[in-house]
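**Student:** Attaching a single structure in structure tokens format; questions to follow.
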Amino acid sequence: FAPASHVALSSRSKGGMTLEMAAESEVSFDDLDGSALQIGVLRTRWNDDHVTNLVDGIKVKHFYFSKECCRRTQRVQSKRRKHLHQRSSGAYELPFAAKLLALSGTVDAIICCGVLIKGETLHFEYISEAVTKGIMDVNLSTMTPVVYGVLNCLNEDQVKKRSSSDNGGHNHGEDWAKTAVEMATMRREARGGKTKNLKELQAMGFGSKESGKEEEPSEKKERIFF
Ligand SMILES: Nc1c(NC[C@H](O)[C@H](O)[C@H](O)CO)[nH]c(=O)[nH]c1=O
Ligand SMILES: CC(=O)[C@@H](O)COP(=O)(O)O
């Protein structure tokens, strides 16, 4: 096989060897329209600067679909600021916050955004595994798409190459935003255009069997936190 320096940046996994990074996105998406969707972004305060870069990447792609969409989304964002952007302390707290947000019924998809960097102990391995599993659990137990926007890196250099387009890097937040829109659209289509499905909520212990009607989120209801 060729040494890393001889291989194009975008062919990271060829020949079973580990290359330094892939600058370009390795996945393509169809044209997406996120204008009617509410995407919740949960981010950590750990590794604040890197996570802020990732969230900036998410916003760029979340709002890029059209100018009209951009204006509308920003309006919704300022009205529902709390729904769209919440901070948790560390990555370990993300699945819990995501479950709360999913069960609030106010969003079509969630992006959990954080950065774990290996230290001296096994802490990194345990937290990474728990967060990965926790986020998948929230996906399936709440039937809300929760995007895994967590970088698990051995050093800060690896983080920089994946959280910023500077110096030939690629901001993964851009792909996470597209993934959220794609999955939220898939969920809406599966539900015939509705945000909430009463049967699903009942299966999770929410909603009332008597009402017999599908509930849509109400802006007037007092909500704590989300
Ligand atoms: N070291 C990192 C952490 N550690 C904190 C944990 O996520 C958690 O907040 C704590 O164990 C309390 O439950 N978090 C990150 O997001 N990134 C790190 O590099
Ligand atoms: C990912 C971590 O939590 C890590 O920074 C902890 O560091 P250490 O293993 O040196 O305690």
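Order determines the names: the first chain of the structure tokens is A, the second B, and so forth; residues in each chain are numbered 1 upward, and ligands are numbered 1 upward as they are shown.
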Collect all residues with atoms no farther than 12 Å from ligand 2, counting only C-alpha atoms and all ligand atoms, and output them as a VMD selection string.
**Tutor:** chain A and resid 46 to 47 89 to 92 114 to 131 150 to 156
**Student:** Got a sec to tell me which of segment 38-187 of chain A DSSP assigns to alpha helix (DSSP H), as a ChimeraX atom specification?
**Tutor:** /A:48-62,67-79,81-84,94-103,123-142,156-163,173-187
**Student:** Quick one: residues within 7 Å of segment 184-191 of chain A, only C-alpha atoms counted, chain neighbours fewer than 4 positions away excluded, as a list in words?
**Tutor:** Asp108, Ala109, Pro145, Ala180 and Thr195 of chain A
**Student:** Write out as a list in words the residues lying within 9 Å of Gly57 of chain A, counting only C-alpha atoms and excluding same-chain residues fewer than 4 positions away.
**Tutor:**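 These residues fall inside the cut-off: Thr52, Asn53, Lys61, His62, Ser163, Ser164, Asn171, His172, Gly173, Glu174, Asp175, Trp176 and Ala177 of chain A.
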**Student:** For Ile39 of chain A, which residue among A:Arg162, A:His170, A:Lys178, A:Lys99 is the nearest when counting only C-alpha atoms?
**Tutor:** A:Lys178
**Student:** Take atom CA of Gly105 of chain A and atom CA of Val51 of chain A and report the distance between them in Å, one decimal.
**Tutor:**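 About the pair atom CA of Gly105 of chain A and atom CA of Val51 of chain A: they are 25.3 Å apart.
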**Student:** Could you go through segment 111-174 of chain A and tell me which residues DSSP, when run on the backbone, assigns to strand (DSSP E or B), listing them as a list in words?
**Tutor:**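 Taking segment 111-174 of chain A and keeping strand (DSSP E or B) only, one gets Ile111, Cys112, Cys113, Gly114, Val115, Leu116, Ile117, Val146, Val147, Tyr148, Gly149, Val150, Leu151, Asn152 and Cys153 of chain A.
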